[in-house]
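These notes are about the structure you will find just below.
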Amino acid sequence: MSKGQRADVGLMPVSNRLASVRRLVIKIGSALLVDEQTGHVRRQWLESVAEDIARVRARGTEVVVVSSGSVALGRRRLKLPAGVLRLEEKQAAAAVGQVGLAHAYQEVLGKHDITAAQVLLTPGDTENRRRYLNARNTLDTLLKLGAVPVINENDTVATQELRYGDNDRLGARVAMCAGADALILFSDIDGLYTADPKVDPSARLIAEVPELTPQIRAMAGEAQPGVGTGGMVTKLMAAQIAMGAGCAMAIAPGKHLNPLLHMEQGGPCTWFLAETTPQSARKQWILGSMSPAGTLIVDDGAARALRSGRSLLPAGVVAVEGSFQRGDTVLVRDRSGALLGKGLAAYGADAARTIIGHQSAEIETLLGYRGREELIHRDDLVID
Ligand SMILES: Nc1ncnc2c1ncn2[C@@H]1O[C@H](COP(=O)(O)OP(=O)(O)O)[C@@H](O)[C@H]1O
Ligand SMILES: N[C@@H](CCC(=O)OP(=O)(O)O)C(=O)O
């Protein structure tokens with residue numbers, strides 16, 4: 001498959017699905033990572049996950065890890081009591097535990113010469129458009145540089161009202177932000193059953209969910225009390241986000257060693273199929289997004305470049321209309337006023353007015369900081 005093309009993972013037979021994934025997000029919950037008895041990282045297990053990551057990366061799949069565990073690790077170190085913690089105790093535990101968590105990933109990935117990169121997010125980083133662009137560019141850059149981002153919620157500053165709350169949804173937001181084509185939620189359970197198997201022993205595993213129907217939603221119960229926080233309800237919420245973003249999602253058992261290998265060898269799991277590809281989901285999002293706050297008028301050369309799929313550089317822009325901020329939606333028109341497309345501006349209107357007509361190399365001198373080379377990156381642009 002050529003670069004830039006993505007497999008439509010959601011539509012493939014199960015056996016091929018993982019082999020053709022280009023960008024994979026795996027979510028690891030606290031219950032898998034931290035031994036409930038000792039409160040330590042399950043080291044041998046984590047080493048086997050690192051082995052899995054190294055294997056899929058060797059065949060060209062980029063990997064992002066979304067890992068919980070900071071609170072579970074930190075509470076033991078701080079000798080906090082068992083049971084529900086107060087918010088500030090949780091935040092303190094997360095601050096302590098996150099150090100150990102990052103260290104554990106650095107060690108196990110380092111054995112395969114893989115660099116781990118810690119990324120801590122709050123909902124604003126994926127929900128607010130300006131910050132969303134930042135998070136996306138950072139993830140993209142880390143992956144291009146060959147690192148494995150290890151992501152968690154920034155629990156230390158997250159408040160009760162302003163948090164993802166569970167890493168299932170964080171995983172889905174990260175998958176969307178990174179344009180991933182597959183997300184795997186490793187769990188204590190094999191996948192989605194027709195009912196909670198802990199309550200109903202006759203429940204059956206569902207292999208594939210093409211659509212989140214009311215019947216599917218009705219199958220999810222509440223989480224059992226213990227180390228984790230999610231339950232099946234949040235996994236279905238994650239599925240909704242991922243599927244709409246063009247990302248196939250799997251719930252798969254994670255307790256045993258090499259959980260990814262196990263899946264590839266045909267182990268049980270539930271796949272939620274993607275409704276579209278990540279690219280067209282993103283384009284739909286841009287097309288359907290908020291009313292444009294401004295317009296960029298481009299010269300003929302830039303119009304041709306845009307039609308052939310390139311980014312819009314400042315050099316090709318002749319005028320900036322309206323008032324907009326970085327990350328806002330703007331229209332792109334040619335000199336005659338004909339509409340060429342719509343995209344997300346990488347600069348606010350004032351900065352854009354300063355740099356138009358100039359080479360990208362001059363941006364730093366003109367603005368006093370080194371911003372992006374493009375005024376609209378091709379991934380953020382929909383051409384009619
Ligand atoms: N329909 C269902 N199918 C599977 N598991 C279900 C279902 N309804 C509720 N559950 C419960 O959800 C749990 C998985 O959620 P959770 O414990 O939060 O997972 P994890 O911590 O692994 O992310 C299962 O152990 C199960 O008890
Ligand atoms: N971000 C928190 C955990 C949040 C969470 O969803 O945990 P889990 O249900 O184990 O995936 C932490 O690292 O402790």
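Going through the structure tokens in order, the chains are called A, B, and so on, while each chain numbers its residues from 1 and the ligands are numbered from 1 in the order shown.
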Residues of stretch 32-268 of chain A classed as strand (DSSP E or B) by DSSP on the backbone are to be reported as JSON, numbers by chain. {"A": [34, 41, 62, 63, 64, 65, 66, 67, 116, 117, 118, 119, 120, 121, 148, 149, 150, 151, 152, 153, 182, 183, 184, 185, 186, 187, 193, 205, 208, 209, 248, 249, 250, 251, 252, 253]}
Which protein, DNA or RNA residues have an atom within 10 Å of ligand 2, counting only C-alpha atoms and all ligand atoms, as a PyMOL selection string? chain A and resi 27-34+66-75+90-91+93-95+97-98+101+120-121+151-156+158+163-171+185-187+223+226-231+234-235
Write down as an NGL selection string the residues of stretch 14-166 of chain A whose backbone DSSP state falls under helix (DSSP H, G or I). :A and (14-17 or 30-33 or 43-58 or 70-77 or 87-110 or 123-127 or 129-144)
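If you measure from each of A:Ile189, A:Ala102, A:Leu24, A:Leu85 to ligand 1 using only C-alpha atoms and all ligand atoms, the closest one turns out to be A:Ile189.
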Shortest interatomic distance to ligand 1 - which of A:Leu145, A:Leu339, A:Ala218, A:Ile376, counting only C-alpha atoms and all ligand atoms: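 The closest residue to ligand 1 is A:Ala218.
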For A:Leu183, work out the shell of residues within 8 Å, counting only C-alpha atoms and skipping chain neighbours fewer than 2 positions away, then give it as a PyMOL selection string. chain A and resi 24-27+171-172+175+180-181+185+242+247-250
Just want the 9 Å neighbourhood of A:Asp125, counted on only C-alpha atoms, with same-chain residues fewer than 6 positions away dropped. Output as a PyMOL selection string. chain A and resi 131-135
Between A:Val330, A:Val150, A:Ile53, A:Val84, single out the one closest to A:His103, counting only C-alpha atoms. A:Val150
